[in-house]
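The data block below is work-v3.txt; it holds compact mmCIF, C-alpha atoms and all ligand atoms.
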# COMPACT_ATOMS: atom_id res chain seq x y z
CA MET A 12 -56.97 23.65 -0.68
CA ASN A 13 -57.57 26.52 1.72
CA ASN A 14 -59.38 26.24 5.06
CA ALA A 15 -59.63 29.97 5.76
CA PRO A 16 -63.17 31.33 6.14
CA ILE A 17 -65.23 33.15 3.53
CA GLY A 18 -66.09 36.68 4.66
CA VAL A 19 -69.60 37.94 3.94
CA PHE A 20 -71.01 41.34 4.87
CA ASP A 21 -74.15 43.41 4.52
CA SER A 22 -75.71 46.41 6.23
CA GLY A 23 -78.01 44.09 8.22
CA ILE A 24 -79.58 40.65 8.08
CA GLY A 25 -80.22 40.71 4.31
CA GLY A 26 -76.87 39.10 3.60
CA LEU A 27 -78.06 36.04 5.50
CA THR A 28 -79.94 35.12 2.31
CA ALA A 29 -76.44 34.64 0.89
CA VAL A 30 -75.21 32.80 4.01
CA ALA A 31 -78.08 30.31 3.66
CA GLU A 32 -76.93 29.58 0.11
CA PHE A 33 -73.26 29.32 1.14
CA ASN A 34 -74.26 26.79 3.81
CA ARG A 35 -76.21 24.82 1.22
CA LEU A 36 -73.69 24.93 -1.65
CA LEU A 37 -70.43 25.02 0.37
CA PRO A 38 -71.33 23.13 3.56
CA HIS A 39 -67.71 22.54 4.64
CA GLU A 40 -66.66 26.18 4.52
CA ASN A 41 -66.39 28.42 7.58
CA ILE A 42 -68.21 31.73 7.21
CA VAL A 43 -67.50 35.02 8.97
CA TYR A 44 -70.53 37.29 8.63
CA PHE A 45 -70.73 40.95 9.50
CA GLY A 46 -74.04 42.88 9.59
CA ASP A 47 -73.54 46.62 10.04
CA THR A 48 -76.87 46.94 11.82
CA ALA A 49 -75.93 50.14 13.67
CA ARG A 50 -75.58 52.00 10.36
CA LEU A 51 -78.42 50.34 8.44
CA PRO A 52 -79.86 51.31 6.02
CA TYR A 53 -77.16 51.93 3.45
CA GLY A 54 -79.65 52.17 0.61
CA THR A 55 -80.86 55.67 1.36
CA ARG A 56 -77.34 57.12 1.65
CA SER A 57 -75.00 58.84 -0.80
CA LYS A 58 -72.51 56.87 -2.88
CA GLU A 59 -69.66 58.50 -0.97
CA THR A 60 -70.99 57.28 2.39
CA ILE A 61 -71.75 53.80 1.06
CA LEU A 62 -68.18 53.49 -0.27
CA LYS A 63 -66.73 54.67 3.05
CA TYR A 64 -68.80 52.12 5.00
CA ALA A 65 -67.91 49.37 2.52
CA GLU A 66 -64.19 50.06 2.96
CA GLN A 67 -64.54 49.86 6.74
CA ASP A 68 -66.60 46.66 6.52
CA ILE A 69 -63.99 45.06 4.28
CA ARG A 70 -61.17 46.12 6.61
CA PHE A 71 -63.01 44.49 9.51
CA ILE A 72 -63.74 41.28 7.59
CA LYS A 73 -60.11 41.02 6.51
CA LYS A 74 -58.98 40.85 10.15
CA HIS A 75 -60.38 37.32 10.10
CA ASN A 76 -57.92 36.19 7.43
CA VAL A 77 -60.62 35.33 4.95
CA LYS A 78 -59.89 33.76 1.59
CA PHE A 79 -62.76 35.50 -0.22
CA ILE A 80 -64.82 38.60 0.50
CA VAL A 81 -68.44 38.82 -0.55
CA ALA A 82 -70.44 42.05 -0.40
CA ALA A 83 -73.83 40.40 0.12
CA CYS A 84 -75.43 43.78 -0.34
CA GLY A 85 -76.90 45.06 -3.59
CA THR A 86 -76.33 48.64 -2.49
CA VAL A 87 -72.60 48.19 -1.83
CA SER A 88 -72.21 46.08 -4.97
CA SER A 89 -73.83 48.78 -7.10
CA ALA A 90 -71.63 51.47 -5.59
CA VAL A 91 -68.29 49.64 -5.89
CA GLY A 92 -68.88 47.95 -9.26
CA ALA A 93 -66.83 44.93 -10.29
CA ASN A 94 -63.42 46.44 -9.68
CA MET A 95 -63.20 46.70 -5.91
CA GLN A 96 -59.62 46.43 -4.72
CA THR A 97 -59.47 44.74 -1.34
CA GLY A 98 -55.68 45.02 -1.01
CA ASP A 99 -53.56 41.92 -0.28
CA GLY A 100 -55.09 40.27 -3.33
CA VAL A 101 -58.03 38.77 -1.41
CA PRO A 102 -60.63 37.94 -4.07
CA PHE A 103 -63.83 39.96 -3.89
CA THR A 104 -67.27 39.73 -5.39
CA GLY A 105 -70.43 41.72 -5.02
CA VAL A 106 -73.82 40.32 -5.92
CA LEU A 107 -74.30 42.51 -8.99
CA MET A 108 -72.47 40.59 -11.75
CA PRO A 109 -73.59 37.09 -10.67
CA ALA A 110 -77.23 38.28 -10.53
CA ALA A 111 -76.95 40.09 -13.87
CA GLN A 112 -75.50 36.95 -15.51
CA ALA A 113 -78.28 34.80 -14.11
CA ALA A 114 -80.97 37.21 -15.32
CA CYS A 115 -79.50 37.28 -18.83
CA SER A 116 -79.51 33.47 -18.94
CA ALA A 117 -83.06 33.21 -17.60
CA THR A 118 -84.93 35.71 -19.78
CA ARG A 119 -86.82 34.51 -22.85
CA SER A 120 -88.71 37.72 -23.63
CA GLY A 121 -85.67 40.00 -23.26
CA ARG A 122 -87.45 42.11 -20.64
CA ILE A 123 -85.89 42.15 -17.15
CA GLY A 124 -87.13 43.95 -14.04
CA VAL A 125 -84.87 45.10 -11.20
CA ILE A 126 -85.94 46.19 -7.75
CA GLY A 127 -83.56 47.50 -5.13
CA THR A 128 -82.82 50.20 -2.61
CA PRO A 129 -83.05 53.83 -3.80
CA ALA A 130 -79.22 54.02 -4.07
CA THR A 131 -79.06 50.84 -6.15
CA ILE A 132 -81.76 51.94 -8.58
CA ARG A 133 -80.34 55.48 -8.80
CA SER A 134 -76.93 54.05 -9.74
CA GLY A 135 -78.37 52.19 -12.74
CA ALA A 136 -75.66 49.58 -12.05
CA TYR A 137 -77.81 46.48 -12.72
CA GLY A 138 -78.96 47.90 -16.07
CA LYS A 139 -75.36 48.69 -17.07
CA ALA A 140 -74.17 45.22 -16.02
CA ILE A 141 -76.98 43.52 -17.96
CA ARG A 142 -76.47 45.61 -21.10
CA ALA A 143 -72.72 44.93 -20.97
CA ILE A 144 -73.58 41.22 -21.33
CA ARG A 145 -76.63 41.55 -23.62
CA PRO A 146 -77.06 45.02 -25.19
CA ASP A 147 -80.34 43.90 -26.77
CA LEU A 148 -82.20 43.48 -23.45
CA THR A 149 -84.67 45.92 -21.92
CA VAL A 150 -84.27 46.63 -18.19
CA VAL A 151 -86.86 48.38 -16.04
CA GLY A 152 -86.19 49.25 -12.42
CA ASN A 153 -87.96 50.54 -9.36
CA GLY A 154 -86.71 51.47 -5.89
CA CYS A 155 -88.49 49.92 -2.89
CA PRO A 156 -87.42 52.01 0.11
CA LEU A 157 -89.83 50.43 2.60
CA PHE A 158 -88.86 46.80 1.97
CA VAL A 159 -85.69 46.86 4.10
CA PRO A 160 -87.34 48.32 7.23
CA LEU A 161 -90.28 45.93 6.79
CA VAL A 162 -87.91 42.94 6.64
CA GLU A 163 -85.69 44.13 9.49
CA ASN A 164 -88.83 44.54 11.63
CA GLY A 165 -90.11 41.08 10.85
CA PHE A 166 -93.08 42.02 8.59
CA THR A 167 -92.28 39.03 6.44
CA ALA A 168 -95.21 36.57 6.62
CA ARG A 169 -96.76 35.80 3.25
CA ASP A 170 -100.12 37.21 4.37
CA ASN A 171 -98.75 40.39 5.94
CA GLU A 172 -101.15 43.05 4.66
CA ILE A 173 -98.73 45.97 5.07
CA THR A 174 -95.91 44.32 3.14
CA LYS A 175 -98.38 43.10 0.49
CA LEU A 176 -99.62 46.67 -0.02
CA ALA A 177 -96.07 48.01 -0.29
CA ALA A 178 -95.22 45.23 -2.76
CA ALA A 179 -98.23 46.03 -4.94
CA GLN A 180 -97.25 49.70 -5.02
CA TYR A 181 -93.60 49.04 -5.92
CA LEU A 182 -94.09 46.12 -8.27
CA LYS A 183 -97.02 47.35 -10.37
CA PRO A 184 -94.89 49.48 -12.74
CA ILE A 185 -92.56 46.50 -13.27
CA ARG A 186 -95.36 43.99 -13.79
CA ASP A 187 -97.01 46.40 -16.28
CA GLU A 188 -93.83 46.19 -18.37
CA ASN A 189 -94.35 42.45 -18.90
CA VAL A 190 -90.95 41.35 -17.65
CA ASP A 191 -90.30 37.60 -17.42
CA VAL A 192 -87.38 37.90 -14.97
CA LEU A 193 -87.15 40.00 -11.83
CA ILE A 194 -83.86 40.59 -10.02
CA MET A 195 -84.47 41.07 -6.30
CA GLY A 196 -81.54 43.47 -6.34
CA CYS A 197 -81.26 43.79 -2.56
CA THR A 198 -80.33 40.81 -0.41
CA HIS A 199 -83.13 41.59 2.04
CA TYR A 200 -85.81 40.95 -0.57
CA PRO A 201 -85.64 37.14 -0.84
CA ILE A 202 -86.90 37.09 2.76
CA ILE A 203 -90.25 38.32 1.35
CA ARG A 204 -89.92 36.25 -1.80
CA ASP A 205 -93.40 34.72 -1.43
CA ILE A 206 -95.07 38.12 -1.33
CA ILE A 207 -93.09 39.30 -4.36
CA SER A 208 -93.81 36.09 -6.25
CA ASP A 209 -97.53 36.15 -5.42
CA TYR A 210 -97.78 39.63 -6.93
CA MET A 211 -95.58 39.02 -10.00
CA GLY A 212 -97.13 35.64 -10.86
CA ASP A 213 -95.70 32.22 -11.69
CA ASN A 214 -94.40 33.22 -15.11
CA VAL A 215 -91.80 35.59 -13.70
CA THR A 216 -88.48 34.06 -12.65
CA LEU A 217 -87.11 35.64 -9.48
CA ILE A 218 -83.34 36.03 -9.15
CA SER A 219 -81.84 36.05 -5.66
CA PRO A 220 -78.52 37.93 -5.63
CA GLY A 221 -77.15 36.05 -2.60
CA GLU A 222 -77.83 32.69 -4.23
CA GLU A 223 -76.09 33.77 -7.44
CA ALA A 224 -73.10 35.11 -5.48
CA ALA A 225 -72.77 31.77 -3.65
CA LYS A 226 -72.81 29.88 -6.98
CA HIS A 227 -70.16 32.26 -8.31
CA VAL A 228 -67.89 31.77 -5.28
CA LEU A 229 -68.29 27.98 -5.51
CA ALA A 230 -67.20 28.12 -9.15
CA VAL A 231 -64.17 30.34 -8.44
CA LEU A 232 -63.00 28.32 -5.40
CA THR A 233 -63.37 25.09 -7.35
CA GLU A 234 -61.46 26.43 -10.32
CA THR A 235 -58.65 27.88 -8.20
CA GLU A 236 -58.51 24.78 -5.94
CA MET A 237 -59.23 26.88 -2.87
CA LEU A 238 -62.09 24.83 -1.43
CA SER A 239 -61.76 23.62 2.15
CA ASP A 240 -60.84 19.97 2.67
CA ARG A 241 -62.77 19.91 5.96
CA GLU A 242 -65.00 16.86 6.24
CA GLU A 243 -67.27 18.13 8.97
CA GLN A 244 -69.76 20.95 8.56
CA GLY A 245 -68.23 24.44 8.52
CA GLU A 246 -68.93 26.99 11.24
CA ASN A 247 -70.69 30.32 10.95
CA ARG A 248 -69.42 33.20 13.05
CA TYR A 249 -71.56 36.33 13.21
CA PHE A 250 -70.72 39.93 14.06
CA ALA A 251 -73.11 42.88 14.33
CA SER A 252 -72.49 46.55 15.07
CA ASP A 253 -75.77 46.99 16.99
CA SER A 254 -77.64 44.75 19.46
CA VAL A 255 -76.42 41.15 19.21
CA GLU A 256 -79.68 39.95 20.79
CA LEU A 257 -81.77 41.62 18.10
CA PHE A 258 -79.52 40.28 15.39
CA ALA A 259 -79.78 36.74 16.75
CA GLU A 260 -83.56 37.02 17.07
CA ASN A 261 -83.99 38.24 13.48
CA ALA A 262 -81.45 35.80 12.13
CA LYS A 263 -83.14 32.87 13.89
CA ALA A 264 -86.51 33.86 12.49
CA PHE A 265 -85.00 33.95 9.06
CA LEU A 266 -82.46 31.09 9.04
CA GLY A 267 -84.37 28.82 11.46
CA GLN A 268 -82.49 25.58 12.15
CA GLU A 269 -79.59 26.79 10.09
CA PHE A 270 -78.82 29.60 12.52
CA ARG A 271 -75.92 28.23 14.53
CA GLY A 272 -73.31 29.99 16.54
CA ARG A 273 -73.27 33.15 18.58
CA VAL A 274 -73.27 36.78 17.58
CA GLU A 275 -70.42 39.06 18.68
CA LYS A 276 -70.54 42.83 18.94
CA VAL A 277 -68.33 45.13 16.87
CA SER A 278 -68.20 48.75 17.93
CA ILE A 279 -68.38 51.59 15.43
CA ASP A 280 -65.09 52.83 16.95
CA GLU A 281 -63.45 49.58 15.94
CA LEU A 282 -64.89 49.85 12.42
CA THR A 283 -63.78 53.43 11.91
CA ALA A 284 -60.32 53.17 13.54
CA VAL A 285 -57.67 53.28 10.85
N1 LIG B 301 -79.25 44.38 1.93
C1 LIG B 301 -78.87 45.62 1.34
C2 LIG B 301 -78.85 45.49 -0.16
O1 LIG B 301 -78.70 44.39 -0.65
C3 LIG B 301 -79.65 46.85 1.61
C4 LIG B 301 -80.09 47.28 2.91
C5 LIG B 301 -79.82 48.72 3.18
O2 LIG B 301 -80.46 49.61 2.62
O3 LIG B 301 -78.93 48.93 3.95
O4 LIG B 301 -78.96 46.46 -0.88
So, in terms of structure tokens, how does the structure I just supplied come out?
Ligand code: DGL
Amino acid sequence: MNNAPIGVFDSGIGGLTAVAEFNRLLPHENIVYFGDTARLPYGTRSKETILKYAEQDIRFIKKHNVKFIVAACGTVSSAVGANMQTGDGVPFTGVLMPAAQAACSATRSGRIGVIGTPATIRSGAYGKAIRAIRPDLTVVGNGCPLFVPLVENGFTARDNEITKLAAAQYLKPIRDENVDVLIMGCTHYPIIRDIISDYMGDNVTLISPGEEAAKHVLAVLTETEMLSDREEQGENRYFASDSVELFAENAKAFLGQEFRGRVEKVSIDELTAV
């Protein structure tokens, strides 16, 4: 048993798609969430910069004595791979491997699509992870650079014409490849799941990386007997590196009733201080 919080981070509000799943699957766990909104987006940056930011994010999260660290960010997960060392032996997972596993289990046709930020798609990390599990599968990917700004700016309603147009543009090459599974390889994308699903059609299974990461953490904590023994509902504590008001507004719109707790500010100076 371990009542320490689970630390979750992303460049912005996308990782809240993972928090929603943690709250659902692990309702008695405390969560510390950090959204690096001042430095968003990560997905258009170089691998070197993404790794530097990830290290700083992890250092910040670790100050909260977490028992598990989750990079709820497809971009960070693709850059660090499975072997991230967090120091002090704190277990770590990205969203990459759990999502790749889920896609391999879900496909019947052997054709998997992956969408993500430009950095994620450029890294080819999802394809490598999938082929390491099932070398026989075909993986087709496409970067969707406008999805993150559209989500962060609230263009998320199912009938939003701008987001629908962007989705059609980005998803057409994937749909033309007749995939039966699509990994939404960025944690922001499940927020526009309906738009993605409407374009891809009912026969395509959508994989949410945050949901798969939460299932993975549940399995590991159960196996290692590190679940909390708290009987009441766990608490969520949020940190953001830019406006806490904006974060709360966006998070409320996305998490609705489930958004509890206040948002605290973290300065870039605090993140970068060694
Ligand atoms: N949510 C992040 C991801 O999963 C990306 C957002 C960004 O570009 O910073 O890739």
Practice prompt. Dump the neighbourhood of ligand LIG 301 (chain B) as a list in words: all residues within 8 Å, distances computed on all atoms listed in the file.
Written response: Asp21, Ser22, Gly23, Ile24, Gly25, Gly26, Arg50, Leu51, Pro52, Tyr53, Gly54, Thr55, Ala83, Cys84, Gly85, Thr86, Val87, Ser88, Gly127, Thr128, Thr131, Pro156, Val159, Gly196, Cys197, Thr198, His199 and Tyr200 of chain A
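You can rank A:Ser116, A:Ser89, A:Thr149, A:Asn41 by their closest distance to Arg241 of chain A using all atoms listed in the file, and at the top of that list sits A:Asn41.
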Practice prompt. Can you pull out every residue within 12 Å of Asp187 of chain A, counting all atoms listed in the file, but drop anything in the same chain fewer than 2 positions away, and send it as a VMD selection string?
Written response: chain A and resid 122 to 124 151 to 152 179 to 185 189 to 191 210 to 211
Item to complete: Would you work out the distance separating atom CA of Val91 of chain A from atom CA of Ile61 of chain A, expressed in Å to one decimal?
Response: 8.8 Å
Worksheet entry | Pick from A:Ala251, A:Ala117, A:Val231, A:Val19 nearest to Leu282 of chain A, counting only C-alpha atoms |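 Checking each candidate against Leu282 of chain A, we get A:Ala251 as the closest.
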Worksheet item: Do you know which residues are at most 7 Å from Ala49 of chain A counting all atoms listed in the file, after dropping those on the same chain fewer than 2 positions away, and could you put them as number ranges by chain?
Response: A: 47, 51, 252-253
Worksheet entry | Two-atom distance - atom CA of Ala143 of chain A, atom CA of Cys115 of chain A (Å) |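 Atom CA of Ala143 of chain A sits 10.4 Å away from atom CA of Cys115 of chain A.
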Item to complete: Counting only C-alpha atoms, figure out which residue out of A:Ala114, A:Ile173, A:Thr60, A:Leu238 gets nearest to Arg142 of chain A.
Response: A:Ala114
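Nearest to Phe166 of chain A of all the residues A:Ala264, A:Val150, A:Met195, A:Ala140 is A:Ala264, counting only C-alpha atoms.
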Write out as JSON lines the residues of segment 60-176 of chain A that have any atom within 10 Å of an atom of segment 14-17 of chain A, one row each with the nearest atom pair and its distance in Å to one decimal, counting only C-alpha atoms, sorted by chain and then rising number.
{"residue": "A:Ile72", "atom": "CA", "partner": "A:Ile17", "partner_atom": "CA", "distance": 9.2}
{"residue": "A:Lys73", "atom": "CA", "partner": "A:Ile17", "partner_atom": "CA", "distance": 9.9}
{"residue": "A:His75", "atom": "CA", "partner": "A:Pro16", "partner_atom": "CA", "distance": 7.7}
{"residue": "A:Asn76", "atom": "CA", "partner": "A:Ala15", "partner_atom": "CA", "distance": 6.7}
{"residue": "A:Val77", "atom": "CA", "partner": "A:Pro16", "partner_atom": "CA", "distance": 4.9}
{"residue": "A:Lys78", "atom": "CA", "partner": "A:Ala15", "partner_atom": "CA", "distance": 5.6}
{"residue": "A:Phe79", "atom": "CA", "partner": "A:Ile17", "partner_atom": "CA", "distance": 5.1}
{"residue": "A:Ile80", "atom": "CA", "partner": "A:Ile17", "partner_atom": "CA", "distance": 6.2}
{"residue": "A:Val81", "atom": "CA", "partner": "A:Ile17", "partner_atom": "CA", "distance": 7.7}
May I have the residues from that selection written out with C-alpha atoms, as a PDB file, keeping the file's coordinate frame?
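result_14.pdb was written with the following content:
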ATOM      1  CA  ILE A  72     -63.740  41.280   7.590  1.00  0.00           C
ATOM      2  CA  LYS A  73     -60.110  41.020   6.510  1.00  0.00           C
ATOM      3  CA  HIS A  75     -60.380  37.320  10.100  1.00  0.00           C
ATOM      4  CA  ASN A  76     -57.920  36.190   7.430  1.00  0.00           C
ATOM      5  CA  VAL A  77     -60.620  35.330   4.950  1.00  0.00           C
ATOM      6  CA  LYS A  78     -59.890  33.760   1.590  1.00  0.00           C
ATOM      7  CA  PHE A  79     -62.760  35.500  -0.220  1.00  0.00           C
ATOM      8  CA  ILE A  80     -64.820  38.600   0.500  1.00  0.00           C
ATOM      9  CA  VAL A  81     -68.440  38.820  -0.550  1.00  0.00           C
TER      10      VAL A  81
END
Worksheet entry | Within-7 Å shell of (-69.1, 39.6, 16.4) in input frame, only C-alpha atoms, as a list in words |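 Nearby residues: Tyr249, Phe250, Ala251, Val274, Glu275, Lys276 and Val277 of chain A.
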Listed atoms of segment 136-153 of chain A boxed axis-aligned with 6 Å per side, centre + edges as JSON:
{"center_x": -80.3, "center_y": 45.9, "center_z": -18.1, "size_x": 27.2, "size_y": 21.3, "size_z": 29.4}
Practice prompt. Just give me the gap between atom CA of Asn171 of chain A and atom CA of Pro201 of chain A in Å, one decimal is fine.
Written response: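 According to the coordinates, atom CA of Asn171 of chain A and atom CA of Pro201 of chain A are separated by 15.1 Å.
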Item to complete: Select, from A:Val285, A:Leu193, A:Phe158, A:Ala65, the residue with the minimum atom-to-atom distance to Thr216 of chain A, counting only C-alpha atoms.
Response: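 Of A:Val285, A:Leu193, A:Phe158, A:Ala65, the one nearest Thr216 of chain A is A:Leu193, counting only C-alpha atoms.
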Worksheet item: When distances are computed from all atoms listed in the file, which of A:Gly138, A:Ile132, A:Thr174, A:Asn13 shows the smallest separation from Gly154 of chain A?
Response: A:Ile132
